[in-house]
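Student: TSV, C-alpha atoms, file data_36.tsv:
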chain	number	residue	atom	x	y	z
A	1	MET	CA	28.73	-3.81	-2.19
A	2	PRO	CA	29.52	-3.26	-5.92
A	3	VAL	CA	27.94	-5.58	-8.47
A	4	TYR	CA	29.76	-6.59	-11.67
A	5	GLU	CA	28.27	-7.83	-14.92
A	6	TYR	CA	30.41	-10.43	-16.64
A	7	LEU	CA	30.82	-12.44	-19.82
A	8	ALA	CA	32.75	-15.63	-19.19
A	9	ILE	CA	33.68	-19.01	-20.64
A	10	ASN	CA	32.66	-22.02	-18.55
A	11	GLY	CA	34.35	-25.40	-18.31
A	12	SER	CA	32.47	-26.66	-21.38
A	13	GLY	CA	33.74	-23.79	-23.52
A	14	ARG	CA	30.40	-22.03	-23.67
A	15	GLU	CA	29.91	-18.32	-23.17
A	16	VAL	CA	27.78	-17.38	-20.15
A	17	LYS	CA	26.81	-14.06	-18.63
A	18	GLY	CA	25.59	-12.92	-15.23
A	19	ARG	CA	26.27	-10.76	-12.21
A	20	VAL	CA	28.55	-11.15	-9.22
A	21	ASP	CA	28.92	-8.91	-6.19
A	22	ALA	CA	32.40	-8.30	-4.79
A	23	GLU	CA	34.48	-5.66	-3.00
A	24	ASN	CA	36.46	-4.89	-6.17
A	25	GLU	CA	37.19	-6.23	-9.65
A	26	ARG	CA	40.05	-8.45	-8.48
A	27	VAL	CA	37.85	-10.22	-5.93
A	28	ALA	CA	35.12	-10.58	-8.55
A	29	ARG	CA	37.54	-12.33	-10.93
A	30	GLN	CA	38.71	-14.65	-8.12
A	31	ARG	CA	35.14	-15.63	-7.30
A	32	LEU	CA	34.40	-16.37	-10.92
A	33	ARG	CA	37.51	-18.56	-11.27
A	34	LYS	CA	36.47	-20.55	-8.18
A	35	GLU	CA	33.24	-21.32	-10.00
A	36	GLN	CA	35.21	-22.52	-13.07
A	37	LEU	CA	34.29	-19.38	-15.02
A	38	PHE	CA	36.91	-17.47	-17.00
A	39	PRO	CA	35.79	-13.85	-17.55
A	40	THR	CA	36.27	-12.21	-20.92
A	41	SER	CA	34.44	-9.03	-19.92
A	42	LEU	CA	33.86	-7.60	-16.46
A	43	LYS	CA	32.35	-4.23	-15.66
A	44	GLU	CA	30.66	-2.66	-12.68
A	45	THR	CA	26.93	-2.07	-13.13
A	46	SER	CA	25.38	1.32	-12.50
A	47	SER	CA	23.34	-0.06	-9.65
A	48	SER	CA	23.13	-3.24	-7.66
A	49	PRO	CA	19.89	-5.16	-7.07
A	50	GLU	CA	19.78	-3.57	-3.64
A	51	ASP	CA	20.06	-0.05	-5.10
A	52	ARG	CA	17.43	-0.67	-7.75
A	53	THR	CA	15.11	-2.13	-5.16
A	54	GLN	CA	15.61	0.78	-2.82
A	55	ASN	CA	14.18	3.11	-5.49
A	56	VAL	CA	11.03	1.02	-5.48
A	57	MET	CA	11.04	0.67	-1.70
A	58	LYS	CA	10.89	4.44	-1.30
A	59	TYR	CA	7.30	4.10	-2.38
A	60	LEU	CA	6.42	0.58	-1.25
A	61	LYS	CA	8.34	0.55	2.04
A	62	SER	CA	8.00	-3.23	2.07
A	63	ASP	CA	9.86	-6.45	1.29
A	64	ARG	CA	6.58	-8.14	0.41
A	65	VAL	CA	6.41	-10.20	-2.78
A	66	GLY	CA	3.46	-11.87	-4.43
A	67	LEU	CA	2.58	-15.54	-3.99
A	68	LYS	CA	3.39	-16.17	-7.65
A	69	GLU	CA	6.96	-14.85	-7.32
A	70	LEU	CA	7.54	-16.79	-4.09
A	71	THR	CA	6.18	-19.99	-5.62
A	72	LEU	CA	8.36	-19.69	-8.73
A	73	MET	CA	11.46	-18.94	-6.67
A	74	THR	CA	10.79	-21.92	-4.36
A	75	ARG	CA	10.34	-24.32	-7.26
A	76	GLN	CA	13.63	-23.14	-8.81
A	77	PHE	CA	15.33	-23.33	-5.40
A	78	ALA	CA	14.13	-26.90	-4.90
A	79	THR	CA	15.39	-27.89	-8.36
A	80	LEU	CA	18.84	-26.39	-7.79
A	81	VAL	CA	19.30	-27.90	-4.31
A	82	THR	CA	18.04	-31.31	-5.46
A	83	ALA	CA	20.55	-31.17	-8.33
A	84	GLY	CA	23.35	-30.84	-5.75
A	85	LEU	CA	24.22	-27.17	-6.22
A	86	PRO	CA	25.76	-25.62	-3.08
A	87	LEU	CA	23.39	-23.40	-1.12
A	88	VAL	CA	25.31	-20.16	-1.73
A	89	SER	CA	25.57	-20.83	-5.46
A	90	ALA	CA	21.87	-21.70	-5.62
A	91	LEU	CA	20.93	-18.44	-3.92
A	92	GLN	CA	23.15	-16.50	-6.30
A	93	ALA	CA	21.56	-18.18	-9.31
A	94	LEU	CA	18.09	-17.45	-7.97
A	95	GLY	CA	18.95	-13.79	-7.51
A	96	GLU	CA	20.23	-13.51	-11.06
A	97	GLN	CA	17.17	-15.25	-12.56
A	98	SER	CA	14.50	-13.41	-10.59
A	99	ASP	CA	12.51	-10.73	-12.40
A	100	SER	CA	11.37	-9.19	-9.11
A	101	GLN	CA	13.67	-6.44	-7.87
A	102	VAL	CA	12.45	-6.95	-4.31
A	103	MET	CA	13.21	-10.68	-4.51
A	104	GLN	CA	16.65	-9.94	-5.98
A	105	ARG	CA	17.46	-7.64	-3.08
A	106	VAL	CA	16.25	-10.10	-0.45
A	107	LEU	CA	18.12	-13.04	-1.98
A	108	VAL	CA	21.36	-11.05	-2.06
A	109	LEU	CA	20.98	-10.28	1.65
A	110	VAL	CA	20.06	-13.90	2.47
A	111	ARG	CA	23.08	-15.19	0.54
A	112	GLU	CA	25.42	-12.82	2.36
A	113	GLN	CA	24.13	-14.04	5.73
A	114	VAL	CA	24.52	-17.69	4.68
A	115	GLN	CA	28.09	-16.93	3.53
A	116	GLU	CA	28.78	-15.50	6.97
A	117	GLY	CA	27.77	-18.80	8.59
A	118	GLU	CA	24.09	-18.25	9.43
A	119	SER	CA	21.59	-21.02	8.79
A	120	LEU	CA	19.25	-20.61	5.86
A	121	ALA	CA	16.19	-20.52	8.12
A	122	LYS	CA	17.65	-17.78	10.30
A	123	SER	CA	18.65	-15.79	7.21
A	124	LEU	CA	15.11	-16.05	5.84
A	125	GLN	CA	13.70	-15.07	9.22
A	126	ALA	CA	15.21	-11.60	8.79
A	127	HIS	CA	12.68	-10.99	5.98
A	128	PRO	CA	9.26	-11.91	7.42
A	129	LYS	CA	7.36	-9.92	4.78
A	130	THR	CA	8.92	-12.01	2.03
A	131	PHE	CA	9.00	-15.41	3.70
A	132	PRO	CA	6.00	-16.32	5.91
A	133	ARG	CA	6.41	-18.15	9.19
A	134	LEU	CA	5.28	-21.41	7.59
A	135	TYR	CA	8.07	-21.14	5.03
A	136	ILE	CA	10.75	-20.46	7.64
A	137	ASN	CA	9.65	-23.31	9.92
A	138	LEU	CA	9.64	-25.82	7.07
A	139	VAL	CA	13.14	-24.76	6.00
A	140	ALA	CA	14.35	-25.01	9.62
A	141	ALA	CA	12.89	-28.52	9.88
A	142	GLY	CA	14.60	-29.50	6.63
A	143	GLU	CA	17.97	-28.18	7.78
A	144	ALA	CA	17.66	-29.94	11.15
A	145	SER	CA	16.81	-33.29	9.55
A	146	GLY	CA	19.24	-32.97	6.64
A	147	THR	CA	16.40	-33.22	4.11
A	148	LEU	CA	16.32	-29.64	2.85
A	149	ASP	CA	15.90	-30.78	-0.75
A	150	GLU	CA	12.80	-32.85	0.11
A	151	VAL	CA	11.34	-30.08	2.24
A	152	LEU	CA	11.81	-27.51	-0.53
A	153	GLU	CA	10.04	-29.88	-2.94
A	154	LYS	CA	7.10	-30.19	-0.53
A	155	LEU	CA	7.10	-26.47	0.06
A	156	ALA	CA	7.05	-25.79	-3.68
A	157	GLU	CA	4.14	-28.23	-4.10
A	158	TYR	CA	2.27	-26.59	-1.23
A	159	LEU	CA	2.72	-23.07	-2.64
A	160	GLU	CA	1.73	-24.25	-6.11
A	161	GLY	CA	-1.42	-25.75	-4.61
A	162	GLN	CA	-2.26	-22.48	-2.84
A	163	LEU	CA	-1.61	-20.53	-6.04
A	164	ALA	CA	-3.86	-22.90	-8.00
A	165	LEU	CA	-6.62	-22.58	-5.39
A	166	ARG	CA	-6.42	-18.78	-5.54
A	167	GLY	CA	-6.49	-18.96	-9.34
A	168	LYS	CA	-9.68	-21.05	-9.27
A	169	VAL	CA	-11.45	-18.52	-7.07
A	170	PHE	CA	-10.19	-15.58	-9.15
A	171	SER	CA	-11.15	-17.11	-12.50
A	172	ALA	CA	-14.61	-18.03	-11.19
A	173	LEU	CA	-15.24	-14.46	-10.07
A	174	THR	CA	-13.69	-12.69	-13.06
A	175	TYR	CA	-16.49	-13.24	-15.58
A	176	PRO	CA	-19.40	-12.20	-13.31
A	177	VAL	CA	-17.52	-9.13	-12.09
A	178	VAL	CA	-16.53	-8.03	-15.60
A	179	MET	CA	-20.05	-8.62	-16.84
A	180	LEU	CA	-21.52	-6.66	-13.93
A	181	VAL	CA	-19.16	-3.74	-14.54
A	182	VAL	CA	-19.87	-3.61	-18.28
A	183	CYS	CA	-23.64	-3.81	-17.78
A	184	GLY	CA	-23.43	-1.14	-15.10
A	185	LEU	CA	-21.54	1.16	-17.46
A	186	VAL	CA	-24.13	0.58	-20.19
A	187	ILE	CA	-26.98	1.44	-17.81
A	188	LEU	CA	-25.07	4.48	-16.55
A	189	GLY	CA	-24.53	5.62	-20.13
A	190	LEU	CA	-28.24	5.31	-20.86
A	191	MET	CA	-29.18	7.24	-17.72
A	192	ILE	CA	-26.66	10.05	-18.24
A	193	GLY	CA	-26.26	10.28	-22.01
A	194	VAL	CA	-29.55	9.13	-23.58
A	195	ILE	CA	-32.37	9.91	-21.15
A	196	PRO	CA	-31.67	13.69	-20.82
A	197	ARG	CA	-31.84	14.17	-24.64
A	198	ILE	CA	-35.14	12.31	-24.93
A	199	VAL	CA	-36.59	14.26	-22.00
A	200	GLU	CA	-36.01	17.52	-23.92
A	201	ILE	CA	-38.32	16.28	-26.67
A	202	PHE	CA	-41.07	15.37	-24.20
A	203	VAL	CA	-40.78	18.68	-22.35
A	204	LYS	CA	-41.04	20.72	-25.57
A	205	GLN	CA	-44.26	18.87	-26.50
A	206	GLY	CA	-45.71	19.39	-23.01
A	207	LEU	CA	-46.63	15.72	-22.61
A	208	ALA	CA	-47.94	14.29	-19.33
A	209	LEU	CA	-45.31	11.70	-18.41
A	210	PRO	CA	-46.32	8.33	-16.93
A	211	LEU	CA	-44.97	7.20	-13.54
A	212	PRO	CA	-42.20	4.85	-14.86
A	213	THR	CA	-40.85	7.67	-17.03
A	214	GLN	CA	-40.91	10.12	-14.13
A	215	ILE	CA	-38.96	7.65	-11.98
A	216	VAL	CA	-36.30	7.12	-14.64
A	217	ILE	CA	-35.99	10.86	-15.32
A	218	ALA	CA	-35.68	11.62	-11.59
A	219	SER	CA	-32.96	8.95	-11.26
A	220	SER	CA	-31.12	10.39	-14.26
A	221	ASP	CA	-31.30	13.93	-12.86
A	222	PHE	CA	-30.04	12.74	-9.49
A	223	LEU	CA	-27.07	10.92	-11.05
A	224	ILE	CA	-26.13	13.95	-13.14
A	225	GLY	CA	-26.60	16.51	-10.37
A	226	TYR	CA	-25.33	14.60	-7.34
A	227	TRP	CA	-22.74	12.12	-8.66
A	228	TRP	CA	-20.16	13.70	-6.36
A	229	LEU	CA	-22.41	13.04	-3.37
A	230	LEU	CA	-22.78	9.39	-4.33
A	231	LEU	CA	-19.00	9.15	-4.68
A	232	LEU	CA	-18.45	10.70	-1.25
A	233	VAL	CA	-21.05	8.42	0.33
A	234	GLY	CA	-19.40	5.40	-1.27
A	235	ILE	CA	-15.95	6.39	0.02
A	236	ALA	CA	-17.36	7.13	3.48
A	237	LEU	CA	-19.08	3.74	3.63
A	238	ALA	CA	-15.90	1.97	2.52
A	239	VAL	CA	-13.81	3.75	5.19
A	240	ALA	CA	-16.44	3.06	7.86
A	241	ALA	CA	-16.59	-0.60	6.89
A	242	ALA	CA	-12.79	-0.89	7.02
A	243	ARG	CA	-12.65	0.73	10.46
A	244	TYR	CA	-15.48	-1.45	11.73
A	245	TYR	CA	-13.70	-4.57	10.50
A	246	ALA	CA	-10.51	-3.41	12.25
A	247	LEU	CA	-12.34	-3.56	15.60
A	248	PRO	CA	-12.35	-6.97	17.35
A	249	HIS	CA	-16.14	-6.99	17.61
A	250	GLY	CA	-16.59	-5.87	14.02
A	251	ARG	CA	-14.23	-8.48	12.68
A	252	ALA	CA	-15.98	-11.20	14.68
A	253	VAL	CA	-19.36	-10.15	13.26
A	254	VAL	CA	-18.13	-10.00	9.65
A	255	ASP	CA	-16.21	-13.29	9.89
A	256	ARG	CA	-19.26	-15.01	11.36
A	257	LEU	CA	-21.37	-13.59	8.52
A	258	LEU	CA	-18.93	-14.94	5.93
A	259	LEU	CA	-19.31	-18.42	7.39
A	260	LYS	CA	-23.13	-18.24	7.38
A	261	LEU	CA	-23.80	-16.57	4.02
A	262	PRO	CA	-25.87	-18.75	1.66
A	263	LEU	CA	-23.91	-20.14	-1.32
A	264	VAL	CA	-20.83	-17.97	-0.70
A	265	GLY	CA	-20.39	-19.27	2.86
A	266	SER	CA	-20.07	-22.90	1.73
A	267	VAL	CA	-17.31	-21.98	-0.75
A	268	TYR	CA	-15.54	-19.88	1.89
A	269	ILE	CA	-15.57	-22.77	4.38
A	270	LYS	CA	-14.27	-25.23	1.80
A	271	VAL	CA	-11.42	-22.88	0.83
A	272	ILE	CA	-10.44	-22.52	4.51
A	273	THR	CA	-10.68	-26.28	5.05
A	274	ALA	CA	-8.45	-26.98	2.06
A	275	ARG	CA	-5.86	-24.48	3.36
A	276	ILE	CA	-5.87	-25.97	6.86
A	277	ALA	CA	-5.53	-29.54	5.58
A	278	SER	CA	-2.76	-28.76	3.07
A	279	THR	CA	-0.79	-26.63	5.54
A	280	LEU	CA	-0.94	-29.21	8.35
A	281	SER	CA	0.02	-31.94	5.89
A	282	ALA	CA	3.06	-30.00	4.66
A	283	LEU	CA	4.21	-29.19	8.20
A	284	LEU	CA	3.76	-32.71	9.57
A	285	GLY	CA	5.42	-34.20	6.50
A	286	SER	CA	8.46	-31.99	7.10
A	287	GLY	CA	8.88	-33.18	10.69
A	288	VAL	CA	7.15	-30.33	12.54
A	289	GLU	CA	5.33	-31.54	15.68
A	290	LEU	CA	1.53	-31.30	15.74
A	291	LEU	CA	1.27	-28.58	18.41
A	292	LYS	CA	3.66	-26.30	16.57
A	293	ALA	CA	1.97	-27.12	13.26
A	294	LEU	CA	-1.39	-26.01	14.64
A	295	GLU	CA	0.17	-22.80	15.97
A	296	ILE	CA	1.65	-22.00	12.55
A	297	THR	CA	-1.51	-22.95	10.66
A	298	LYS	CA	-3.74	-20.61	12.62
A	299	ASN	CA	-1.57	-17.65	11.53
A	300	ILE	CA	-2.43	-18.16	7.85
A	301	ILE	CA	-6.20	-18.28	8.45
A	302	GLY	CA	-7.89	-14.89	8.38
A	303	ASN	CA	-11.19	-15.84	10.05
A	304	VAL	CA	-11.10	-15.18	13.80
A	305	HIS	CA	-13.60	-17.94	14.59
A	306	ILE	CA	-11.49	-20.56	12.80
A	307	VAL	CA	-8.38	-19.19	14.54
A	308	ASN	CA	-10.12	-19.63	17.91
A	309	LEU	CA	-11.10	-23.15	16.88
A	310	LEU	CA	-7.48	-24.06	16.09
A	311	ASP	CA	-6.33	-22.42	19.33
A	312	GLU	CA	-8.75	-24.49	21.41
A	313	ALA	CA	-7.94	-27.63	19.42
A	314	ARG	CA	-4.26	-27.07	20.12
A	315	GLU	CA	-4.91	-26.78	23.84
A	316	GLY	CA	-7.00	-29.94	23.71
A	317	VAL	CA	-4.20	-31.84	21.94
A	318	ARG	CA	-1.75	-30.52	24.53
A	319	GLU	CA	-3.98	-32.09	27.20
A	320	GLY	CA	-3.95	-35.44	25.41
A	321	LYS	CA	-7.24	-35.20	23.49
A	322	ASN	CA	-7.75	-36.22	19.87
A	323	LEU	CA	-7.49	-33.50	17.24
A	324	SER	CA	-10.48	-34.92	15.35
A	325	ARG	CA	-12.81	-34.60	18.35
A	326	GLU	CA	-11.61	-31.10	19.15
A	327	ILE	CA	-12.29	-29.92	15.60
A	328	MET	CA	-15.69	-31.64	15.46
A	329	ARG	CA	-16.75	-30.10	18.78
A	330	HIS	CA	-17.02	-26.58	17.31
A	331	ASN	CA	-19.17	-27.55	14.31
A	332	LEU	CA	-17.57	-24.89	12.08
A	333	LEU	CA	-15.55	-27.04	9.69
A	334	PRO	CA	-17.01	-29.93	7.61
A	335	THR	CA	-17.58	-33.20	9.46
A	336	MET	CA	-15.67	-35.13	6.80
A	337	LEU	CA	-12.44	-33.36	7.76
A	338	SER	CA	-12.81	-34.53	11.37
A	339	ARG	CA	-13.50	-38.09	10.24
A	340	MET	CA	-10.49	-38.16	7.92
A	341	ILE	CA	-8.30	-36.80	10.73
A	342	ALA	CA	-9.68	-39.51	13.05
A	343	ILE	CA	-8.73	-42.18	10.49
A	344	GLY	CA	-5.25	-40.67	10.21
A	345	GLU	CA	-4.83	-40.62	14.00
A	346	LYS	CA	-5.85	-44.27	14.31
A	347	SER	CA	-3.65	-45.44	11.42
A	348	GLY	CA	-0.69	-43.23	12.35
A	349	ASP	CA	-0.77	-41.69	8.88
A	350	LEU	CA	-2.23	-38.28	9.66
A	351	GLU	CA	-0.07	-36.49	7.08
A	352	ASN	CA	-1.39	-38.48	4.11
A	353	MET	CA	-5.00	-38.28	5.27
A	354	LEU	CA	-4.70	-34.51	5.53
A	355	GLU	CA	-3.21	-34.40	2.04
A	356	LYS	CA	-6.17	-36.41	0.71
A	357	ALA	CA	-8.57	-34.10	2.53
A	358	ALA	CA	-6.89	-31.07	0.96
A	359	LYS	CA	-7.23	-32.54	-2.54
A	360	THR	CA	-10.86	-33.48	-1.87
A	361	TYR	CA	-11.80	-29.96	-0.82
A	362	ASP	CA	-9.79	-28.43	-3.65
A	363	ASN	CA	-11.94	-30.43	-6.06
A	364	GLU	CA	-15.11	-29.46	-4.19
A	365	VAL	CA	-14.16	-25.79	-4.40
A	366	SER	CA	-13.73	-26.13	-8.17
A	367	SER	CA	-17.06	-27.87	-8.69
A	368	THR	CA	-18.92	-25.48	-6.36
A	369	LEU	CA	-17.45	-22.43	-8.06
A	370	ASP	CA	-18.42	-23.80	-11.47
A	371	GLY	CA	-21.97	-24.26	-10.22
A	372	LEU	CA	-22.11	-20.76	-8.74
A	373	THR	CA	-20.76	-19.24	-11.93
A	374	SER	CA	-23.37	-21.01	-14.04
A	375	LEU	CA	-26.03	-19.75	-11.63
A	376	LEU	CA	-24.76	-16.17	-11.47
A	377	GLU	CA	-24.65	-15.67	-15.24
A	378	PRO	CA	-28.42	-16.01	-15.87
A	379	LEU	CA	-29.22	-14.09	-12.67
A	380	LEU	CA	-27.09	-11.17	-13.83
A	381	MET	CA	-28.58	-11.31	-17.31
A	382	VAL	CA	-32.15	-11.29	-15.95
A	383	THR	CA	-31.43	-8.46	-13.48
A	384	VAL	CA	-29.71	-6.25	-16.03
A	385	GLY	CA	-32.35	-7.09	-18.63
A	386	MET	CA	-35.14	-5.99	-16.30
A	387	ILE	CA	-33.38	-2.68	-15.60
A	388	VAL	CA	-32.85	-2.02	-19.31
A	389	LEU	CA	-36.47	-3.03	-20.00
A	390	LEU	CA	-37.68	-0.51	-17.41
A	391	ILE	CA	-35.64	2.24	-19.11
A	392	VAL	CA	-36.90	1.27	-22.56
A	393	VAL	CA	-40.53	1.11	-21.44
A	394	SER	CA	-40.22	4.47	-19.70
A	395	VAL	CA	-39.09	5.96	-23.02
A	396	LEU	CA	-41.57	4.12	-25.23
A	397	LEU	CA	-44.70	5.02	-23.23
A	398	PRO	CA	-44.49	8.80	-23.80
A	399	MET	CA	-43.03	8.21	-27.27
A	400	THR	CA	-46.24	6.39	-28.22
A	401	GLU	CA	-48.32	9.30	-26.95
A	402	LEU	CA	-46.08	11.70	-28.89
A	403	ILE	CA	-46.65	9.76	-32.11
A	404	ASN	CA	-50.42	9.93	-31.54
A	405	VAL	CA	-50.27	13.69	-31.01
A	406	VAL	CA	-48.21	14.22	-34.15
A	407	SER	CA	-50.50	12.01	-36.25
A	408	ILE	CA	-53.59	13.93	-35.12
In C-alpha cells, how does this file's structure come out?
Tutor:
Amino acid sequence: MPVYEYLAINGSGREVKGRVDAENERVARQRLRKEQLFPTSLKETSSSPEDRTQNVMKYLKSDRVGLKELTLMTRQFATLVTAGLPLVSALQALGEQSDSQVMQRVLVLVREQVQEGESLAKSLQAHPKTFPRLYINLVAAGEASGTLDEVLEKLAEYLEGQLALRGKVFSALTYPVVMLVVCGLVILGLMIGVIPRIVEIFVKQGLALPLPTQIVIASSDFLIGYWWLLLLVGIALAVAAARYYALPHGRAVVDRLLLKLPLVGSVYIKVITARIASTLSALLGSGVELLKALEITKNIIGNVHIVNLLDEAREGVREGKNLSREIMRHNLLPTMLSRMIAIGEKSGDLENMLEKAAKTYDNEVSSTLDGLTSLLEPLLMVTVGMIVLLIVVSVLLPMTELINVVSI
C-alpha cells in the first residue's frame, strides 16, 4: 500500500507533519480530514516502512526487535491509550515515531489487522518474534477485562524492570571485561612486538638464558609462528561447545553448572528468581490464572532445571497443592521466595507479594554485582601484574648478565 508524507494544519492552527498509508492520494486526504488535519502538502514517499524494512529483512530474515525498542514502544503505547486515543490512531502514531524500521513495519501490519476487525492480541500474535507470548497474553487479558490501559501500564513497568535488570548485569561486567581485553592486548604486544627484538640482542652476545627467559621466548615464538592454529582451536572449541549445549544432555549439564558455580551461581539464581517473581506478578495482576501464568513464565526462563521445576510446580497446583511448597521441594530457588509466596497464598495477595519479592531480588542482584566487581578488579590487577612481572624479570635477568659482560 502506498505511503504519503504530509504537511497539514491541525484544529489548533499548528502545522504538523507525518505519514499516512492509503490506496491513493484522494483516500489519503479523506483520512487526514477525518483526523481533523487539513493537508497543505501531500506526496507519495519513495518507499513505505514495509519496503524499507524488507531491505533489512533480506539479511536479517527476522521480525525480532531489541528489548529496549519494545519497552519504549510499550511505554508510548500505554501513554496514548491511557490518554484516550483510539487504538488505530495510537498504532499509527507509534509507527510514525518509531526509529526501528522493523517495528515500523510490524506496527503497520498490526494496525491494518485491527482496522479489519481483529483484536489487538490476535494481531500481535501474528508477529511472535516481535511480541513474546507473555506480551500477547497480557494484552488479551486486558482486552477481555476492558482494562487495556492498565495492562499496558503494567506491561511497560515490567519491561522497564527487565531492561533495568539487564543493564545492571551488563554494567557490572563491562569494566572487568574491558580491563581484561586491554591488559591482554598489552601482554600480547609485549610477547609479539618487544620480546623478539630483545632476543636478537641476547642471541648475538651468545648469552646462556635462564629458565624464565627461555619460557617467555618459547611462548613468544609459539604465538608468532602458530597464531593461526590457536585461532582455529578457539573456533573449534566454540563450535563444539555450542553443539554440546544444543544437545539435551549437554544443556542439562551446563545449566546445572551455572546454578552451582561459586559467586557467579548465586547471582545467576537471583536474576532468575527476580524474573520469575516479576513475571508471575505481572500476569496475575492482569487477570491471568495461576496455571496459565506458570506455563507462560517457564517459557522465558532459559535454564532447563528451573523450567522443570515450574512444570512440576504447575502440575502440583493443578492437583490442589500449594505453589510455595512445590517450589520449596526442589531446593533450587531461594527459600525466601517460597516463604513470600506462602504468605501471599494465605493472605490472598499473591500478586503483591511476588512484586515485593521481585524488588527484593533486584536489589540483591545490584548489591551482589557491586561486591563481585570490587572483588574482580584487584584480582585482575594482581593476575595481570604477575604476568607482566614474569615478562620483565625474564628480560632483566639476561640483561644484567649482558651488562656484566660489557663492563668486563
Student: Using only C-alpha atoms for the distances, tell me which of A:Arg14, A:Ser366, A:Ser220, A:Pro248 is nearest to Ala164 of chain A.
Tutor: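 The answer is A:Ser366, which sits nearest to Ala164 of chain A.
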Student: Between A:Ser171, A:Ser123, A:Asn352, A:Thr213, which is the closest to Pro398 of chain A once you count all atoms listed in the file?
Tutor: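 Nearest to Pro398 of chain A: A:Thr213.
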Student: Using Å and a single decimal, report how far atom CA of Ser367 of chain A sits from atom CA of Leu258 of chain A.
Tutor: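 Calculated distance between atom CA of Leu258 of chain A and atom CA of Ser367 of chain A is 19.6 Å.
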Student: Do you know which residues lie at most 10 Å from (-6.2, -24.8, 14.0), with coordinates as in the file and all atoms listed in the file counted, and could you write them as JSON, numbers by chain?
Tutor: {"A": [276, 277, 280, 291, 293, 294, 295, 296, 297, 298, 299, 300, 301, 306, 307, 308, 309, 310, 311, 312, 313, 314, 323, 326, 327]}
Student: So, counting all atoms listed in the file, which residue among A:Leu188, A:Leu231, A:Val169, A:Leu32 is closest to Val264 of chain A?
Tutor: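 For Val264 of chain A, the nearest of the given residues is A:Val169.
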Student: Leaving out Val288 of chain A and any residue of its chain fewer than 3 positions from it, which residues lie within 8 Å of it when counting all atoms listed in the file, given as a list in words?
Tutor: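 Everything that qualifies: Asn137, Leu138, Ala141, Leu283, Leu284, Gly285, Lys292 and Ala293 of chain A.
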Student: Got a sec to check which residues sit within 12 Å of (-23.5, 11.1, -17.2), counting only C-alpha atoms, and write them as a ChimeraX atom specification?
Tutor: /A:185-197,219-228
Student: Excluding Glu150 of chain A and residues on its chain fewer than 3 positions from it, collect all residues at most 12 Å away from it, counting all atoms listed in the file, and give them as a list in words.
Tutor: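 That gives Thr74, Arg75, Phe77, Ala78, Thr79, Leu80, Val81, Thr82, Ala83, Leu138, Val139, Ala141, Gly142, Glu143, Ser145, Gly146, Thr147, Glu153, Lys154, Leu155, Ala156, Glu157, Ala282, Gly285, Ser286 and Gly287 of chain A.
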Student: For a test of reading the model, state the distance in Å between atom CA of Glu351 of chain A and atom CA of Leu290 of chain A, rounded to one decimal.
Tutor: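 Taking atom CA of Glu351 of chain A as the start and atom CA of Leu290 of chain A as the end point, the length is 10.2 Å.
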Student: Measuring between all atoms listed in the file, which one of A:Ser324, A:Thr71, A:Gln30, A:Gln76 shows the shortest distance to Leu91 of chain A?
Tutor: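 Counting all atoms listed in the file, the residue closest to Leu91 of chain A is A:Gln76.
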Student: Please, what distance in Å, to one decimal, runs between atom CA of Ser266 of chain A and atom CA of Lys346 of chain A?
Tutor: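 Atom CA of Ser266 of chain A sits 28.6 Å away from atom CA of Lys346 of chain A.
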Student: So, counting all atoms listed in the file, which residue among A:Val178, A:Leu232, A:Leu42, A:Ala126 is closest to Val3 of chain A?
Tutor: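 Of A:Val178, A:Leu232, A:Leu42, A:Ala126, the one nearest Val3 of chain A, counting all atoms listed in the file, is A:Leu42.
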Student: If we count all atoms listed in the file, what is near Arg256 of chain A at a cut-off of 12 Å, once residues fewer than 6 positions away on the same chain are taken out, given as a list in words?
Tutor: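 Returned residues: Tyr245, His249, Gly250, Gly265, Tyr268, Ile269, Gly302, Asn303, Val304, His305, Ile306 and Leu332 of chain A.
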Student: Where atoms are absent from segment 66-75 of chain A, fill them in so it carries N, CA and C atoms, then output it as a JSON list (two decimals), in the frame of the given file.
Tutor:
[["chain", "number", "residue", "atom", "x", "y", "z"],
["A", 66, "GLY", "N", 4.69, -11.14, -4.17],
["A", 66, "GLY", "CA", 3.46, -11.87, -4.43],
["A", 66, "GLY", "C", 3.66, -13.38, -4.29],
["A", 67, "LEU", "N", 2.53, -14.08, -4.13],
["A", 67, "LEU", "CA", 2.58, -15.54, -3.99],
["A", 67, "LEU", "C", 3.16, -16.18, -5.24],
["A", 68, "LYS", "N", 2.88, -15.60, -6.40],
["A", 68, "LYS", "CA", 3.39, -16.17, -7.65],
["A", 68, "LYS", "C", 4.91, -16.12, -7.69],
["A", 69, "GLU", "N", 5.50, -14.97, -7.32],
["A", 69, "GLU", "CA", 6.96, -14.85, -7.32],
["A", 69, "GLU", "C", 7.60, -15.80, -6.31],
["A", 70, "LEU", "N", 7.00, -15.89, -5.13],
["A", 70, "LEU", "CA", 7.54, -16.79, -4.09],
["A", 70, "LEU", "C", 7.46, -18.24, -4.53],
["A", 71, "THR", "N", 6.36, -18.61, -5.16],
["A", 71, "THR", "CA", 6.18, -19.99, -5.62],
["A", 71, "THR", "C", 7.20, -20.34, -6.69],
["A", 72, "LEU", "N", 7.39, -19.44, -7.66],
["A", 72, "LEU", "CA", 8.36, -19.69, -8.73],
["A", 72, "LEU", "C", 9.77, -19.80, -8.17],
["A", 73, "MET", "N", 10.13, -18.89, -7.26],
["A", 73, "MET", "CA", 11.46, -18.94, -6.67],
["A", 73, "MET", "C", 11.67, -20.25, -5.90],
["A", 74, "THR", "N", 10.66, -20.70, -5.16],
["A", 74, "THR", "CA", 10.79, -21.92, -4.36],
["A", 74, "THR", "C", 10.95, -23.14, -5.25],
["A", 75, "ARG", "N", 10.19, -23.18, -6.33],
["A", 75, "ARG", "CA", 10.34, -24.32, -7.26],
["A", 75, "ARG", "C", 11.74, -24.34, -7.86]]
